[in-house]
Structure formats: C-alpha cells, structure tokens
Amino acid sequence: MEEIGFLGLGIMGKAMSMNLLRHGFKVTVWNRTLSRCDELVKHGATIGETPAAVIKKCKYTIAMLSDPAAALSVVFDQHGVLEQICSGKGYIDMSTVDAETSSKISEAITAKGGQFLEAPVSGSKKPAEDGQLVILAAGDKELYEATLPAFDVLGKKSFFLGQVGNGAKMKLVVNMIMGSMMNAFSEGLTLADKSGLSPQTLLDVLDLGAIANPMFKMKGPSMIQSSYPPAFPLKHQQKDMRLALALGDEHSVPMPVAAAANEAFKKAKKLGTLSAVHETVSV
C-alpha cells in the first residue's frame with residue numbers, strides 16, 4: 001500500500017499510527033501540537049507541517065480527531081486538507097462525528113476530485129494498541145477496498161455500511177448503548193457497596209449470567225478499586241451521547257434512558273473529577 005498520512009495523535013491516533021509503523025507501513029503524521037509527533041518519529045514516522053502537506057505527500061490520509069469542530073477545521077481551515085486533495089487521493093476520516101458533518105466533509109472532498117470514506121471505530125485505547133478495533137466504514141467502496149490492508153492492521157473486523165453517514169450513525173448508536181450501560185453498571189456497583197454487598201462478588205455473579213460482557217469484565221476490577229485510567233475522555237463520551245440524542249430527535253425516537261445517562265455525564269463533566277461511576281466510561 002502507498003504511504004499513509006495520519007492526522008491527529010491523541011489517545012487513539014497515536015496508538016493507531018504506531019500500529020501501522022510496527023507493521024511496516026510508511027507513515028507521515030501531523031498533530032496540532034507538533035511535539036506529539038516526536039515519539040512516532042522515533043519509530044520511523046515523518047512529520048507533515050500541516051494537513052495540506054500530509055495530503056500532498058500521501059495518496060491516502062487517515063484522520064482521527066476529537067469532535068466535529070476539529071474534523072471540519074482540519075479540512076476547511078487554511079493549510080487544510082482541501083488545499084491539496086485532488087483526483088487520485090483518498091481521505092479517510094475515522095473520527096466520531098455526526099452524519100451531517102461527515103456528509104459536509106465528503107461533499108467538499110469529492111468536489112475536488114478526491115475519494116472519501118468515513119470509518120469511525122468501536123473500541124478505545126487498548127483495542128487501538130492491540131489492533132482490535134471494529135471499523136465502521138461508509139462512502140467510496142473503491143477507497144474502502146484500497147484501505148483494507150491498513151484496516152486489517154488497525155482492527156479485527158471492518159464493516160462497509162454503504163453511503164456516507166451510515167458509519168457515523170452506527171458509531172453513535174454503539175456509543176449511546178455503551179454510555180447507558182456504563183451508567184447502569186456504575187450505579188449497580190455503588191448500590192451493592194452501599195447495601196453491604198461485596199462489589200467483587202457482584203462482578204463474579206454478573207460474569208456468570210446472561211448480561212456478562214467484555215466491558216464489565218475489563219472495567220469492573222479497576223472501578224471497584226476507584227482506579228479510572230483514561231482510555232476514552234469523558235468529554236468525548238458526553239459528546240457522543242449528545243449527538244446520538246440529536247439523531248434520535250431527527251427520527252422521533254424516544255430515548256429516556258440515554259437522556260438520563262447523558263445528564264449524568266454532563267454532571268460529571270461539571271464536577272471535573274474522576275468520581276466513581278459517572279466518569280468511568282474509559283472503555
């Protein structure tokens with residue numbers, strides 16, 4: 001595969017670009033704070049001074065950015081993606097954004113002759129490090145096929161979901177379910193503890209029952225120790241809940257459980273602490 005550009009080196013982007021380097025891909029990286037590129041350079045990456053410079057150098061460029069505003073900024077701002085995207089180049093946005101943002105980026109890229117694929121992922125820091133993400137792609141099928149060698153390194157499974165917007169919608173539904181689950185799980189652990197029950201025994205019981213799942217198994221032990229190492233920032237989980245609720249409004253879907261979970265995340269953001277439960281969405 002051609003050299004790959006990578007825009008955005010946060011928790012996810014750093015782990016993903018490192019995985020590509022480990023598997024022999026040539027990677028040119030960019031981050032708004034360029035010093036974050038230094039560790040990747042030690043492992044063989046080169047630095048692009050701007051998103052436009054990365055696009056100019058690479059046939060395919062992946063972006064993994066924090067939110068819709070960041071995703072739009074990297075494309076439309078000065079020295080952004082649009083300055084160099086053209087026929088023969090592909091742009092793959094793996095950020096979690098709403099369908100409207102994804103469509104706006106797609107239209108701008110294709111108007112310049114480029115190919116566009118949205119490909120948000122299910123999974124966070126550890127799956128990203130281990131190449132075990134689930135990739136939810138939609139858009140240009142030819143670009144999807146061309147990008148599969150990279151996706152096979154980054155994830156354990158890739159889905160092609162059709163037209164642009166479907167990947168974004170699927171990711172928001174997944175994260176909405178996750179956020180709602182984590183709130184219920186956290187409340188259950190707290191209720192067990194306050195009721196004089198052993199939270200560890202609750203974990204053991206849950207793991208043997210019908211609602212056993214990898215997230216509870218992975219997060220439960222650290223949660224009962226009041227240890228919350230960040231793998232997925234709280235502000236991003238709350239952003240995804242907000243965008244999912246907006247999608248629900250768009251389709252007149254009542255979502256009282258998700259709405260309550262969103263309020264808990266908003267409260268946790270306001271408190272600004274890694275208090276039990278509501279901040280433990282470090283998937």
# chains A, B, ... in the order shown; residues from 1 in each chain; ligands from 1
$ closest_atom_pairs --of "range 121-236 of chain A" --to "range 11-27 of chain A" --cutoff "6 Å" --atoms "only C-alpha atoms" --output "CSV"
residue,atom,partner,partner_atom,distance
A:Lys125,CA,A:Met12,CA,5.8
A:Ala128,CA,A:Ala15,CA,5.7
A:Glu129,CA,A:Ala15,CA,5.0
$ residues_around --residues "range 236-244 of chain A" --least-positions-apart "6" --cutoff "8 Å" --atoms "only C-alpha atoms" --output "list in words"
Ser66, Asp67, Thr96, Val97, Asp98, Lys169, Leu172, Val173, Asn175, Met176, Gly179, Ala258, Ala259, Asn262, Phe265, Lys266 and Val281 of chain A
$ write_last_selection --atoms "N, CA and C atoms" --output "mmCIF file, in the first residue's frame"
data_model
loop_
_atom_site.group_PDB
_atom_site.id
_atom_site.type_symbol
_atom_site.label_atom_id
_atom_site.label_comp_id
_atom_site.auth_asym_id
_atom_site.auth_seq_id
_atom_site.Cartn_x
_atom_site.Cartn_y
_atom_site.Cartn_z
ATOM 1 N N SER A 66 -10.913 14.787 17.443
ATOM 2 C CA SER A 66 -11.663 14.701 18.696
ATOM 3 C C SER A 66 -13.167 14.892 18.564
ATOM 4 N N ASP A 67 -13.599 15.732 17.634
ATOM 5 C CA ASP A 67 -15.020 16.057 17.560
ATOM 6 C C ASP A 67 -15.331 16.686 16.208
ATOM 7 N N THR A 96 -15.165 10.250 15.377
ATOM 8 C CA THR A 96 -16.588 10.061 15.675
ATOM 9 C C THR A 96 -17.282 11.406 15.559
ATOM 10 N N VAL A 97 -18.080 11.565 14.504
ATOM 11 C CA VAL A 97 -18.811 12.802 14.261
ATOM 12 C C VAL A 97 -20.244 12.443 13.903
ATOM 13 N N ASP A 98 -21.077 13.453 13.721
ATOM 14 C CA ASP A 98 -22.449 13.214 13.286
ATOM 15 C C ASP A 98 -22.482 13.062 11.768
ATOM 16 N N LYS A 169 -23.621 7.194 11.966
ATOM 17 C CA LYS A 169 -24.826 6.824 12.709
ATOM 18 C C LYS A 169 -24.618 5.546 13.514
ATOM 19 N N LEU A 172 -22.519 6.239 16.606
ATOM 20 C CA LEU A 172 -23.257 6.957 17.652
ATOM 21 C C LEU A 172 -24.215 6.017 18.390
ATOM 22 N N VAL A 173 -24.854 5.110 17.653
ATOM 23 C CA VAL A 173 -25.741 4.138 18.307
ATOM 24 C C VAL A 173 -24.938 3.254 19.262
ATOM 25 N N ASN A 175 -22.042 3.905 20.754
ATOM 26 C CA ASN A 175 -21.563 4.642 21.928
ATOM 27 C C ASN A 175 -22.700 5.075 22.843
ATOM 28 N N MET A 176 -23.879 5.270 22.280
ATOM 29 C CA MET A 176 -25.037 5.578 23.114
ATOM 30 C C MET A 176 -25.382 4.379 24.002
ATOM 31 N N GLY A 179 -22.612 4.095 26.706
ATOM 32 C CA GLY A 179 -22.742 5.083 27.771
ATOM 33 C C GLY A 179 -23.884 4.769 28.726
ATOM 34 N N ALA A 258 -31.047 6.927 27.494
ATOM 35 C CA ALA A 258 -29.857 7.614 27.006
ATOM 36 C C ALA A 258 -29.826 9.060 27.492
ATOM 37 N N ALA A 259 -30.991 9.698 27.544
ATOM 38 C CA ALA A 259 -31.058 11.082 28.007
ATOM 39 C C ALA A 259 -30.623 11.186 29.472
ATOM 40 N N ASN A 262 -26.913 10.759 29.639
ATOM 41 C CA ASN A 262 -26.255 11.989 29.190
ATOM 42 C C ASN A 262 -26.203 13.030 30.301
ATOM 43 N N PHE A 265 -23.387 12.212 32.619
ATOM 44 C CA PHE A 265 -22.084 12.589 32.067
ATOM 45 C C PHE A 265 -21.880 14.100 32.119
ATOM 46 N N LYS A 266 -22.945 14.845 31.863
ATOM 47 C CA LYS A 266 -22.844 16.312 31.936
ATOM 48 C C LYS A 266 -22.511 16.752 33.359
ATOM 49 N N VAL A 281 -16.358 5.888 32.017
ATOM 50 C CA VAL A 281 -16.603 5.411 30.693
ATOM 51 C C VAL A 281 -15.313 5.277 29.906
#
$ select_by_dssp --residues "range 111-226 of chain A" --states "strand (DSSP E or B)" --output "CSV table (one decimal) with N, CA, C and O atoms, in the first residue's frame"
chain,number,residue,atom,x,y,z
A,115,GLN,N,-11.4,11.0,-3.2
A,115,GLN,CA,-12.3,10.0,-2.7
A,115,GLN,C,-12.4,10.1,-1.2
A,115,GLN,O,-11.5,10.5,-0.5
A,116,PHE,N,-13.6,9.8,-0.6
A,116,PHE,CA,-13.8,10.0,0.8
A,116,PHE,C,-14.5,8.7,1.4
A,116,PHE,O,-15.3,8.1,0.8
A,117,LEU,N,-14.0,8.4,2.6
A,117,LEU,CA,-14.5,7.3,3.3
A,117,LEU,C,-14.6,7.7,4.8
A,117,LEU,O,-13.6,8.2,5.4
A,118,GLU,N,-15.8,7.6,5.4
A,118,GLU,CA,-15.8,7.7,6.9
A,118,GLU,C,-15.6,6.3,7.4
A,118,GLU,O,-16.1,5.3,6.9
A,121,VAL,N,-14.6,4.1,14.6
A,121,VAL,CA,-14.2,2.8,15.2
A,121,VAL,C,-15.0,2.6,16.5
A,121,VAL,O,-15.3,3.5,17.2
A,122,SER,N,-15.2,1.3,16.8
A,122,SER,CA,-15.7,0.9,18.1
A,122,SER,C,-14.5,0.3,18.8
A,122,SER,O,-13.8,-0.6,18.3
A,133,LEU,N,-9.7,-3.0,16.9
A,133,LEU,CA,-10.8,-2.1,16.7
A,133,LEU,C,-11.8,-2.7,15.8
A,133,LEU,O,-11.5,-3.6,15.0
A,134,VAL,N,-13.1,-2.2,15.9
A,134,VAL,CA,-14.1,-2.6,14.9
A,134,VAL,C,-14.3,-1.4,14.0
A,134,VAL,O,-14.7,-0.3,14.6
A,135,ILE,N,-14.1,-1.5,12.7
A,135,ILE,CA,-14.2,-0.3,11.8
A,135,ILE,C,-15.5,-0.3,11.1
A,135,ILE,O,-15.9,-1.2,10.5
A,136,LEU,N,-16.2,0.9,11.2
A,136,LEU,CA,-17.5,1.1,10.6
A,136,LEU,C,-17.4,2.0,9.5
A,136,LEU,O,-17.6,3.2,9.6
A,137,ALA,N,-17.1,1.5,8.3
A,137,ALA,CA,-16.8,2.4,7.1
A,137,ALA,C,-18.1,2.6,6.2
A,137,ALA,O,-19.0,1.7,6.1
A,138,ALA,N,-18.1,3.8,5.6
A,138,ALA,CA,-19.1,4.1,4.6
A,138,ALA,C,-18.6,5.1,3.7
A,138,ALA,O,-17.8,5.9,4.0
A,139,GLY,N,-19.1,5.1,2.4
A,139,GLY,CA,-18.6,6.0,1.4
A,139,GLY,C,-18.2,5.4,0.2
A,139,GLY,O,-18.8,4.5,-0.4
A,155,GLY,N,-7.7,-3.1,12.9
A,155,GLY,CA,-8.9,-3.6,13.5
A,155,GLY,C,-9.0,-5.1,13.3
A,155,GLY,O,-8.3,-5.8,12.5
A,156,LYS,N,-9.9,-5.7,14.1
A,156,LYS,CA,-10.2,-7.2,14.0
A,156,LYS,C,-11.3,-7.4,13.0
A,156,LYS,O,-11.5,-8.6,12.5
A,157,LYS,N,-12.1,-6.4,12.6
A,157,LYS,CA,-13.2,-6.6,11.7
A,157,LYS,C,-13.6,-5.2,11.1
A,157,LYS,O,-13.6,-4.2,11.8
A,158,SER,N,-13.8,-5.2,9.8
A,158,SER,CA,-14.2,-4.0,9.1
A,158,SER,C,-15.6,-4.2,8.5
A,158,SER,O,-15.8,-5.3,7.9
A,159,PHE,N,-16.5,-3.3,8.6
A,159,PHE,CA,-17.8,-3.3,8.0
A,159,PHE,C,-17.9,-2.2,7.0
A,159,PHE,O,-17.5,-1.1,7.3
A,160,PHE,N,-18.5,-2.5,5.8
A,160,PHE,CA,-18.8,-1.5,4.9
A,160,PHE,C,-20.3,-1.3,4.9
A,160,PHE,O,-21.1,-2.2,4.6
$ closest_residue --among "A:Leu9, A:Ala63, A:Leu197, A:Leu189" --to "Ser226 in chain A" --atoms "only C-alpha atoms"
A:Leu189
$ closest_residue --among "A:Met223, A:Val29, A:Leu148, A:Ile55" --to "Gly90 in chain A" --atoms "only C-alpha atoms"
A:Ile55
$ select_by_dssp --residues "range 41-175 of chain A" --states "helix (DSSP H, G or I)" --output "JSON, numbers by chain"
{"A": [41, 42, 51, 52, 53, 54, 55, 56, 57, 68, 69, 70, 71, 72, 73, 74, 75, 76, 81, 82, 83, 99, 100, 101, 102, 103, 104, 105, 106, 107, 108, 109, 110, 111, 125, 126, 127, 128, 129, 130, 141, 142, 143, 144, 145, 146, 147, 148, 149, 150, 151, 152, 153, 154, 166, 167, 168, 169, 170, 171, 172, 173, 174, 175]}
$ residues_around --residues "Met64 in chain A" --least-positions-apart "6" --cutoff "6 Å" --atoms "only C-alpha atoms" --output "VMD selection string"
chain A and resid 8 13 94 to 95
$ atom_distance --atom1 "CA of Thr101 in chain A" --atom2 "CA of Gly165 in chain A"
8.6 Å
$ atom_distance --atom1 "CA of Leu245 in chain A" --atom2 "CA of Ala261 in chain A"
10.7 Å
$ atom_distance --atom1 "CA of Ile211 in chain A" --atom2 "CA of Ala264 in chain A"
22.2 Å
$ residues_around --residues "Lys217 in chain A" --least-positions-apart "5" --cutoff "8 Å" --atoms "only C-alpha atoms" --output "ChimeraX atom specification"
/A:203,207,212
